[in-house]
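Presented below is the structure to which this report refers.
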Amino acid sequence: MLKNLFRYIFVLITILTIGGCEEAEDPTFSILTEEIVNVSGERAIVLGRLIAFENIPFEDHGFYFSRDENFNQPIILNLGETSRPGRFLGEIDGLELGAGYFVKAFGIKEGQVAFGNTLSFSTLDPALERFTPMTQFPGEEIIIFGINFGDDTEVYFGGQKAQVIEVAFGFRIRVRVPPMTGNPTVEIKIITRGIELIATEPFNYATGVYENLGVVTEDFVLVDNIYFQQGNRFFAGLGIDLGARTTNHIWEYTPGQNAWQRTAFTGITQRKAANSRTGFFGGGEQMPQVGAQILNNTFWHFDGNNFNSIPTPPISIVDGLGFMAQGRFYIVGGTFGIGSQVYRYDPFTTLWQLRPNLPYDVDKSMVHFVHNDLLYIINKDKALLRYNLETAQSTMISEYPSPFIENFSDTGGLSVVVGDKVYIGLYDNNEDMWELDMNTLIWSKKNRFTGTPSGRIVAAFESEGFLYFLRIYAIPRRMEFWKFDPNGF
Amino acid sequence: MRTYFIFERIKFIIWVILALWVTSCIDKFSFTSEDPQRFLNVEGYITTIPKAHQIRLSRVEKFGPEFIGLGRPVNLANVLIKDDLGRVENLVEIGSGYYSTSSDFAAVVGRSYNLEIQLLDGRRYISLKEKVAPVPEIDSVTYHATRTVTTDRLNDEIGVQVMAHFQDPPEQENYYFWNLLESDFVLVTEPELYHLPPDHPTCPKCPAPKPCCSRCFHKDIPKPTNIITLTDTEFNGIYLRRGIAYVIDDGLRFKETYRLDVQHLSISAETHHFLKLIDQQLSLTGSVFDPPPANIRGNMISLDNNEELVLGQFFVSDERFLRIYIKRDQLEFRQSPQTTVPDDCRDFLQQANFPMPFLSVDPPSDWHPGN
């Protein structure tokens with residue numbers, strides 16, 4: 001009996017032993033086309049997922065793309081072999097722009113292809129949005145912004161093919177401006193994947209021609225001077241010359257003349273005086289003194305024939321800004337006393353009146369101009385500030401585009417208003433010139449100054465759309481008189 | 001005797017079979033402990049309010065008692081935000097690892113966005129699509145003091161609960177996130193109680209009342225830093241009165257006025273899930289009732305290596321900015337006694353003998369507590 005018991009136990013345990021281990025089963029899995037992650041013009045990124053409870057060896061996996069739902073002639077994106085369940089990402093390039101596509105994930109196991117569900121998407125159409133800068137020199141770069149540009153993008157400037165340096169992420173094209181062939185204003189055209197796009201705004205080649213008029217006499221060299229213009233008559237004078245000799249003369253020039261003529265001004269030396277650029281001027285210092293500062297508080301107005309003395313303002317002003325607005329002469333700031341104080345002179349009442357201070361200090365070394373009775377100042381941080389003389393509100397509206405070098409090229413310069421355009425540039429020791437459109441506040445490059453860059457502007461005028469300016473140089477000591485045609489090329 | 005041998009034999013055979021049985025199904029499990037990799041970590045979100053939105057890229061470091069990593073920033077990356085129309089916003093690096101949109105950039109309700117990153121070494125990453133859902137307008141915001149019993153039987157926790165009142169739209173699933181921003185409060189101190197320091201050469205600890213100043217303005221990160229999210233799954237379409245912020249009274253914050261800034265945000269279901277898990281993990285206390293540790297997956301994916309783990313969730317929200325002035329006299333009760341600071345309030349941050357900015361006695365330019 002015990003022998004039988006032993007046999008039963010032995011058989012039972014053997015059966016349990018054999019049956020205790022699991023039999024190997026063919027593992028099950030699912031493939032899912034999970035999500036269209038991102039679609040652009042010619043690129044799509046798709047997410048798939050392999051769902052299984054264990055590692056399963058696949059010879060290949062990836063995605064099928066096709067223009068039709070039956071996946072005839074599919075584009076197959078192979079991601080290679082895998083065995084690990086989880087998500088996988090496929091990125092495909094070179095799709096047609098603005099076209100509908102179907103996509104499904106696949107996996108190949110033991111030669112059998114298994115597919116996931118089908119998703120659909122549409123690639124996007126390209127568009128050209130803008131380019132910057134809108135004015136540039138030949139050979140320099142501009143950047144074109146838009147959406148869904150293909151890698152095959154070509155750019156044309158008025159029919160002339162340009163060198164595409166980079167198409168970055170489908171939205172930004174760096175392109176080199178080809179040489180100008182005639183017209184400085186051309187159309188920009190882009191061809192991407194056979195689709196033609198044209199910019200709404202034209203591109204402008206930088207223009208501007210400088211001409212040295214060579215009509216300045218040898219003893220006519222100015223520093224710390226004044227200048228103004230009445231009609232086509234230009235005036236410049238006072239101050240000191242480069243040899244620190246006082247200059248108590250004012251000179252006059254009319255375009256077309258061969259020389260500057262000395263006027264009959266009878267005042268004494270005034271250097272660092274404020275001037276309205278229209279005929280009002282005064283203040284400053286009497287002599288180029290070392291040590292004691294002798295101020296000159298006399299003010300003048302040129303009425304077209306004579307220099308007439310006007311009342312002295314309640315303050316002394318040295319290196320102050322002067323300008324005309326609303327028919328009145330303003331003097332502001334300077335390097336003596338309060339640098340933000342504002343006084344204005346009314347020619348009708350012949351009275352000086354204190355006005356609200358500026359919210360910052362200003363002096364004559366800063367470029368300034370008046371447009372539509374608003375004062376504009378470029379400070380030494382390159383900020384273009386607009387100051388409303390009535391409300392005393394100041395706003396930063398733009399920034400001068402060229403770099404400044406502190407105490408080297410952040411002072412001096414010129415600003416000449418011609419209608420709604422303002423020409424600004426030629427700071428000390430600098431050759432850059434810009435055109436600012438006061439309606440759009442867009443800065444456009446003009447051709448760089450062709451004379452010696454290491455000079456200082458001492459006077460600037462405008463006549464019939466041309467700019468005239470006096471520029472002085474220390475080595476060799478001289479002053480040059482230049483004409484600038486902003487639209488010449 | 002024979003019976004004894006038979007039993008011994010049976011016992012022997014049973015032991016042999018048991019030994020075979022136990023060992024026959026064991027597979028060897030090989031395990032090697034790996035040092036954590038320096039995963040890429042992406043933090044940031046954009047909203048529908050035009051401003052410079054920021055994305056931060058960093059490398060994850062090991063966190064533990066031996067060494068706490070520095071969380072090194074990832075510099076010189078190309079960071080792009082793309083919408084489903086193909087528009088691209090190129091972010092500019094404004095600080096080490098911090099990338100910013102232009103100052104007027106804003107997401108648009110209804111559009112979908114991806115964050116795409118290309119590192120200096122060429123590796124690329126992209127987020128899954130995030131669609132901007134509209135966030136319901138808040139009708140009103142109220143607040144009240146709350147008292148919470150703590151393990152300290154003598155001291156309850158006092159705080160201020162901020163409630164939002166709004167209608168949840170019935171026609172859509174809504175997920176909400178209230179993000180507490182850096183806020184301001186009036187710091188009230190007692191300079192008249194100032195005493196000279198103990199190491200004063202002539203009169204240590206002598207009373208030396210200061211004539212100024214007792215009222216300054218201080219920046220504050222509202223505490224506790226809970227992640228407050230909500231889904232309308234269980235109360236879709238009803239009018240809600242919901243706690244959107246809680247600020248603990250530390251004895252200083254509510255001595256006068258506290259200005260709390262909150263973003264009222266819509267988020268996607270995936271972001272809600274992500275933030276919920278983060279909040280759960282942050283609130284682990286080590287007790288047996290804690291939820292189990294979770295492997296929190298964000299929505300960033302490597303385009304070069306499917307198996308690379310990237311941390312972080314890029315999300316896009318419709319935003320309403322909420323600003324609430326919490327006034328001392330509007331609270332039913334406060335922390336008692338309140339914290340006394342016997343010094344000039346401007347020197348409040350200087351107490352640690354570390355160079356810190358002085359607090360201002362002038363309010364922020366947009367400080368308008370009203371009546």
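Identifiers for the structure tokens are assigned positionally: chains receive A, B, ... in sequence, residues are indexed from 1 per chain, and ligands are indexed from 1 in the order shown.
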Residues of chain B near chain A: apply a cut-off of 8 Å, count only C-alpha atoms, and supply the list as a list in words.
->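 The complete set of qualifying residues is Ile6, Ile10, Ile17, Trp21, Cys25, Asp84, Leu85, Gly86, Arg87, Val88, Asn114, Ser127, Leu128, Lys129, Leu303 and Asn306 of chain B.
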Got a sec: who's within 8 Å of region 178-192 of chain B, counting only C-alpha atoms, leaving out chain neighbours fewer than 6 positions off, as a ChimeraX atom specification?
-> /B:208-222,227-229,244-245,252-265,340-345
All strand (DSSP E or B) positions in region 53-208 of chain A, as a ChimeraX atom specification | /A:58-66,75-82,86-92,100-109,112-122,127-132,135-136,141-147,154-157,160-168,172-176,185-186,188-192,195-198,203-205,207
Using the selection just defined, write its residues with C-alpha atoms as an mmCIF file, in the first residue's frame.
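Listed below is the output, selection-v8.cif:
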data_model
loop_
_atom_site.group_PDB
_atom_site.id
_atom_site.type_symbol
_atom_site.label_atom_id
_atom_site.label_comp_id
_atom_site.auth_asym_id
_atom_site.auth_seq_id
_atom_site.Cartn_x
_atom_site.Cartn_y
_atom_site.Cartn_z
ATOM 1 C CA PHE A 58 10.523 43.694 -35.339
ATOM 2 C CA GLU A 59 12.681 43.673 -38.444
ATOM 3 C CA ASP A 60 11.456 47.148 -39.342
ATOM 4 C CA HIS A 61 8.928 49.745 -38.281
ATOM 5 C CA GLY A 62 7.952 53.222 -39.389
ATOM 6 C CA PHE A 63 5.239 54.992 -41.354
ATOM 7 C CA TYR A 64 3.532 54.842 -44.731
ATOM 8 C CA PHE A 65 2.596 58.213 -46.279
ATOM 9 C CA SER A 66 0.411 58.572 -49.311
ATOM 10 C CA ILE A 75 6.300 57.016 -49.316
ATOM 11 C CA ILE A 76 7.744 54.634 -46.741
ATOM 12 C CA LEU A 77 9.612 56.039 -43.777
ATOM 13 C CA ASN A 78 11.735 53.200 -42.353
ATOM 14 C CA LEU A 79 12.908 53.588 -38.795
ATOM 15 C CA GLY A 80 14.710 50.223 -38.692
ATOM 16 C CA GLU A 81 14.452 47.287 -36.364
ATOM 17 C CA THR A 82 13.160 47.568 -32.857
ATOM 18 C CA GLY A 86 6.485 52.329 -26.711
ATOM 19 C CA ARG A 87 6.152 55.380 -28.868
ATOM 20 C CA PHE A 88 8.196 56.163 -31.937
ATOM 21 C CA LEU A 89 8.509 59.319 -33.960
ATOM 22 C CA GLY A 90 8.801 59.723 -37.700
ATOM 23 C CA GLU A 91 9.857 62.871 -39.519
ATOM 24 C CA ILE A 92 9.465 63.171 -43.259
ATOM 25 C CA GLY A 100 -3.488 66.299 -48.385
ATOM 26 C CA TYR A 101 -1.772 63.159 -47.079
ATOM 27 C CA PHE A 102 -2.684 59.936 -45.259
ATOM 28 C CA VAL A 103 -0.337 58.235 -42.843
ATOM 29 C CA LYS A 104 -0.282 54.911 -40.977
ATOM 30 C CA ALA A 105 2.316 53.278 -38.758
ATOM 31 C CA PHE A 106 3.666 49.822 -39.602
ATOM 32 C CA GLY A 107 5.803 47.083 -38.139
ATOM 33 C CA ILE A 108 7.339 44.036 -39.855
ATOM 34 C CA LYS A 109 7.579 40.883 -37.750
ATOM 35 C CA GLN A 112 4.555 39.956 -41.983
ATOM 36 C CA VAL A 113 3.602 43.646 -42.171
ATOM 37 C CA ALA A 114 1.186 44.929 -39.540
ATOM 38 C CA PHE A 115 -0.399 48.362 -39.904
ATOM 39 C CA GLY A 116 -1.877 50.799 -37.445
ATOM 40 C CA ASN A 117 -4.858 53.069 -37.954
ATOM 41 C CA THR A 118 -4.814 55.768 -40.642
ATOM 42 C CA LEU A 119 -4.633 59.503 -39.923
ATOM 43 C CA SER A 120 -4.760 62.349 -42.403
ATOM 44 C CA PHE A 121 -3.203 65.801 -42.586
ATOM 45 C CA SER A 122 -2.597 68.603 -45.058
ATOM 46 C CA ALA A 127 3.632 82.730 -47.637
ATOM 47 C CA LEU A 128 6.039 85.648 -47.731
ATOM 48 C CA GLU A 129 5.418 88.055 -44.877
ATOM 49 C CA ARG A 130 8.196 90.658 -44.790
ATOM 50 C CA PHE A 131 11.882 91.262 -45.229
ATOM 51 C CA THR A 132 14.390 93.340 -43.323
ATOM 52 C CA THR A 135 17.123 99.034 -47.882
ATOM 53 C CA GLN A 136 20.534 97.433 -48.213
ATOM 54 C CA GLU A 141 22.461 90.309 -46.481
ATOM 55 C CA ILE A 142 18.767 90.730 -45.933
ATOM 56 C CA ILE A 143 16.443 88.352 -44.100
ATOM 57 C CA ILE A 144 13.096 87.325 -45.561
ATOM 58 C CA PHE A 145 10.444 86.091 -43.130
ATOM 59 C CA GLY A 146 7.467 83.962 -44.017
ATOM 60 C CA ILE A 147 6.049 80.513 -43.470
ATOM 61 C CA GLU A 154 15.091 80.708 -54.867
ATOM 62 C CA VAL A 155 15.051 84.486 -54.425
ATOM 63 C CA TYR A 156 15.011 87.086 -57.199
ATOM 64 C CA PHE A 157 15.638 90.851 -56.952
ATOM 65 C CA GLN A 160 18.078 88.919 -60.862
ATOM 66 C CA LYS A 161 18.732 85.693 -58.952
ATOM 67 C CA ALA A 162 20.283 86.167 -55.528
ATOM 68 C CA GLN A 163 22.450 83.855 -53.466
ATOM 69 C CA VAL A 164 20.390 82.103 -50.785
ATOM 70 C CA ILE A 165 22.674 81.654 -47.792
ATOM 71 C CA GLU A 166 20.290 79.745 -45.557
ATOM 72 C CA VAL A 167 16.676 78.637 -45.319
ATOM 73 C CA ALA A 168 16.227 78.239 -41.573
ATOM 74 C CA ARG A 172 13.588 82.615 -42.435
ATOM 75 C CA ILE A 173 15.704 83.067 -45.563
ATOM 76 C CA ARG A 174 19.102 84.735 -45.432
ATOM 77 C CA VAL A 175 19.932 86.071 -48.856
ATOM 78 C CA ARG A 176 22.766 88.136 -50.300
ATOM 79 C CA THR A 185 13.843 100.007 -56.354
ATOM 80 C CA VAL A 186 13.083 96.393 -57.293
ATOM 81 C CA ILE A 188 11.485 90.657 -54.447
ATOM 82 C CA LYS A 189 10.199 87.324 -55.730
ATOM 83 C CA ILE A 190 10.519 83.882 -54.138
ATOM 84 C CA ILE A 191 10.021 80.517 -55.791
ATOM 85 C CA THR A 192 9.610 77.613 -53.387
ATOM 86 C CA ILE A 195 5.129 78.288 -55.984
ATOM 87 C CA GLU A 196 5.877 81.933 -56.732
ATOM 88 C CA LEU A 197 5.539 84.555 -53.995
ATOM 89 C CA ILE A 198 6.045 88.310 -54.362
ATOM 90 C CA PHE A 203 13.280 96.458 -52.006
ATOM 91 C CA ASN A 204 15.486 99.535 -52.210
ATOM 92 C CA TYR A 205 19.166 99.548 -52.934
ATOM 93 C CA THR A 207 21.467 105.272 -52.726
#
Near Phe39 (chain B), within 10 Å and counting only C-alpha atoms, which residues show up once chain neighbours fewer than 5 positions away are dropped, as a list in words?
-> Ser58, Arg59, Val60, Glu61, Glu308, Leu309, Val310 and Leu311 of chain B
Spatial neighbours of Ala106 (chain B), 6 Å, only C-alpha atoms, chain gap at least 5 places, as a ChimeraX atom specification | /B:48-50
With C-alpha atoms retained, export the selected residues as an mmCIF file, in the first residue's frame.
data_model
loop_
_atom_site.group_PDB
_atom_site.id
_atom_site.type_symbol
_atom_site.label_atom_id
_atom_site.label_comp_id
_atom_site.auth_asym_id
_atom_site.auth_seq_id
_atom_site.Cartn_x
_atom_site.Cartn_y
_atom_site.Cartn_z
ATOM 1 C CA THR B 48 -2.626 84.672 -24.934
ATOM 2 C CA ILE B 49 -1.371 87.853 -23.246
ATOM 3 C CA PRO B 50 1.176 89.738 -25.400
#
Tell me, in Å to one decimal, how far CA of Leu193 (chain B) is from CA of Gln330 (chain B).
-> 27.3 Å
Ser112 (chain B): which residues within 9 Å, counting only C-alpha atoms, same-chain residues fewer than 3 positions away excluded, as a list in words?
->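 Counting only the stated atoms, we get Lys82, Asp83, Asp84, Leu85, Ala107, Val108, Val109, Lys129, Glu130, Lys131, Val132 and Val316 of chain B.
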Keeping C-alpha atoms, export the residues of the selection given above as a short mmCIF file (atom, residue, chain, number, x, y, z; two decimals), in the first residue's frame.
data_model
loop_
_atom_site.label_atom_id
_atom_site.label_comp_id
_atom_site.auth_asym_id
_atom_site.auth_seq_id
_atom_site.Cartn_x
_atom_site.Cartn_y
_atom_site.Cartn_z
CA LYS B 82 5.44 76.98 -34.28
CA ASP B 83 1.71 77.17 -34.76
CA ASP B 84 -0.52 75.01 -36.92
CA LEU B 85 -0.52 77.65 -39.68
CA ALA B 107 -0.78 82.72 -28.43
CA VAL B 108 -4.19 82.69 -30.14
CA VAL B 109 -7.20 80.80 -28.84
CA LYS B 129 0.77 69.66 -30.03
CA GLU B 130 -0.82 71.93 -27.46
CA LYS B 131 -4.12 73.55 -28.40
CA VAL B 132 -5.29 76.77 -26.74
CA VAL B 316 -0.14 76.92 -23.99
#
Contacts of Ser394 (chain A) within 9 Å, only C-alpha atoms, excl. fewer than 6 positions in-chain, as a list of chain:residue names |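 So the residues in contact are A:Leu358, A:Pro359, A:Leu385, A:Arg386, A:Tyr387, A:Asn388.
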For the selection you just gave me, I'd like the residues written to a file as a PDB file, in the first residue's frame, keeping C-alpha atoms.
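part-v1.pdb, written as the output of this step:
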ATOM      1  CA  LEU A 358      12.760 118.283 -20.235  1.00  0.00           C
ATOM      2  CA  PRO A 359      12.809 114.977 -18.325  1.00  0.00           C
ATOM      3  CA  LEU A 385      13.001 110.563 -28.216  1.00  0.00           C
ATOM      4  CA  ARG A 386       9.922 112.540 -29.216  1.00  0.00           C
ATOM      5  CA  TYR A 387       9.090 115.494 -26.978  1.00  0.00           C
ATOM      6  CA  ASN A 388       5.796 117.301 -27.096  1.00  0.00           C
TER       7      ASN A 388
END
Near region 238-244 of chain A, counting only C-alpha atoms, which residues have an atom at most 7 Å away, once you skip same-chain residues fewer than 3 positions from it, shown as a ChimeraX atom specification?
-> /A:221-226,247-250,269-272,477
Distance criterion (only C-alpha atoms): nearest to Asn447 (chain A) out of A:Pro74, A:Pro179, A:Gly425, A:Pro255 |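 Ranking A:Pro74, A:Pro179, A:Gly425, A:Pro255 by distance to Asn447 (chain A), first place goes to A:Gly425.
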